[in-house]
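Chemist: Below are the structure tokens for one structure; questions will follow.
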Amino acid sequence: MNYCTPLFKRLAEEKRERILNVAADEFASLGYQTANINIIAKKCNVSVGSLYKYFETKENLFLSVCSLAVEALKSALEEVEQEDCGFFDKIRMLIAIVQKHSRKHPGVIQLYNEVTTQGNRELASKLSYEMESISARHYAKLIKAAKASGEISIDIDAHMAAFCIDNMFMSLQFSYATEYYRERMRIYVSEDIFEDDERVMEKSLEFIRRALEPR
């Protein structure tokens, strides 16, 4: 994924991070459609012309911000995949990553939630392909390995199971990062659920275990 120009890559790391962080906050608070390039440039202390030299379009700036989340996801999944432990221990690690990342970077989660619910098909399509294809590939690989080792049922459809697990993780991400999903989880589970990460982890893991383990 490469949505910025070579000129942006030559900037000092501190300046690159400042621009992307400001843009992330603006997109998260106002949404993709409403966020204004002029305001983002002003908050970054750069000219509008310079910003367009770094990112040729508003969409490219948005996708550059989102690519940070994609790269973080890829790195986390690769790290978990290389761990020398069983399938359900890896699922536990992934749930912990979801909890930590969603709390640390709520703006990026809000961006993804916002753009996929605003009817922008082209943008949503790009994001879903780049982000979901990474998680789909890694989850299916973990599940196939677990089937081969006998940890989960041989009858499990790896790709459908990967889809269901990702849906659970996505719901958890939105619940930690967005107000609507946060209230939704409180209604379904309990008012104090966000004060007990261990309970969320254990009950989510229990659900996945019972769904996948051999009968």
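Letters A, B, ... mark the chains of the structure tokens in the order given; residue numbers begin at 1 per chain; ligand numbers begin at 1, in order shown.
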At most 12 Å is the cut-off: for each residue in region 17-133 of chain A with any atom that close to an atom of region 199-205 of chain A, write down the nearest atom pair and the distance in Å rounded to one decimal, counting only C-alpha atoms, chain first then increasing number, as JSON lines.
Modeler:
```
{"residue": "A:Phe87", "atom": "CA", "partner": "A:Leu205", "partner_atom": "CA", "distance": 10.9}
{"residue": "A:Phe88", "atom": "CA", "partner": "A:Leu205", "partner_atom": "CA", "distance": 7.4}
{"residue": "A:Asp89", "atom": "CA", "partner": "A:Leu205", "partner_atom": "CA", "distance": 9.2}
{"residue": "A:Lys90", "atom": "CA", "partner": "A:Leu205", "partner_atom": "CA", "distance": 10.2}
{"residue": "A:Ile91", "atom": "CA", "partner": "A:Leu205", "partner_atom": "CA", "distance": 7.1}
{"residue": "A:Arg92", "atom": "CA", "partner": "A:Leu205", "partner_atom": "CA", "distance": 6.6}
{"residue": "A:Met93", "atom": "CA", "partner": "A:Met201", "partner_atom": "CA", "distance": 9.4}
{"residue": "A:Leu94", "atom": "CA", "partner": "A:Met201", "partner_atom": "CA", "distance": 9.6}
{"residue": "A:Ile95", "atom": "CA", "partner": "A:Met201", "partner_atom": "CA", "distance": 6.3}
{"residue": "A:Ala96", "atom": "CA", "partner": "A:Met201", "partner_atom": "CA", "distance": 7.2}
{"residue": "A:Ile97", "atom": "CA", "partner": "A:Met201", "partner_atom": "CA", "distance": 10.6}
{"residue": "A:Val98", "atom": "CA", "partner": "A:Met201", "partner_atom": "CA", "distance": 10.0}
{"residue": "A:Gln99", "atom": "CA", "partner": "A:Met201", "partner_atom": "CA", "distance": 8.9}
{"residue": "A:Lys100", "atom": "CA", "partner": "A:Met201", "partner_atom": "CA", "distance": 11.8}
```
Chemist: Can you list, as a VMD selection string, every protein, DNA or RNA residue that comes within 9 Å of Leu73 (chain A) when you count only C-alpha atoms, leaving out same-chain residues fewer than 6 positions away?
Modeler: chain A and resid 131 134 to 135
Chemist: Can you list, as a PyMOL selection string, every residue of region 102-168 of chain A that DSSP puts in alpha helix (DSSP H)?
Modeler: chain A and resi 102-104+106-115+121-127+133-149+158-168
Chemist: Applying 12 Å and only C-alpha atoms, which residues near Asp155 (chain A) remain after dropping the ones on its own chain fewer than 5 positions away? List them as an MDAnalysis selection string.
Modeler: chainID A and resid 143:144 146:148 150 160:161 211:215
Chemist: Which residue, A:Phe62, A:Tyr188, A:Tyr3, A:Tyr139, has the smallest gap to Ala35 (chain A) when you use only C-alpha atoms?
Modeler: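 Among the listed residues, A:Phe62 lies closest to Ala35 (chain A).
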Chemist: Please provide the set of residues having any atom within 10 Å of Glu71 (chain A), restricted to only C-alpha atoms, with same-chain residues fewer than 3 positions apart removed, written as a PyMOL selection string.
Modeler: chain A and resi 1+66-68+74-77+130-131+134
Chemist: Report, in Å to a single decimal, how far apart CA of Ala28 (chain A) and CA of Ser64 (chain A) are.
Modeler: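 Taking CA of Ser64 (chain A) as the start and CA of Ala28 (chain A) as the end point, the length is 13.8 Å.
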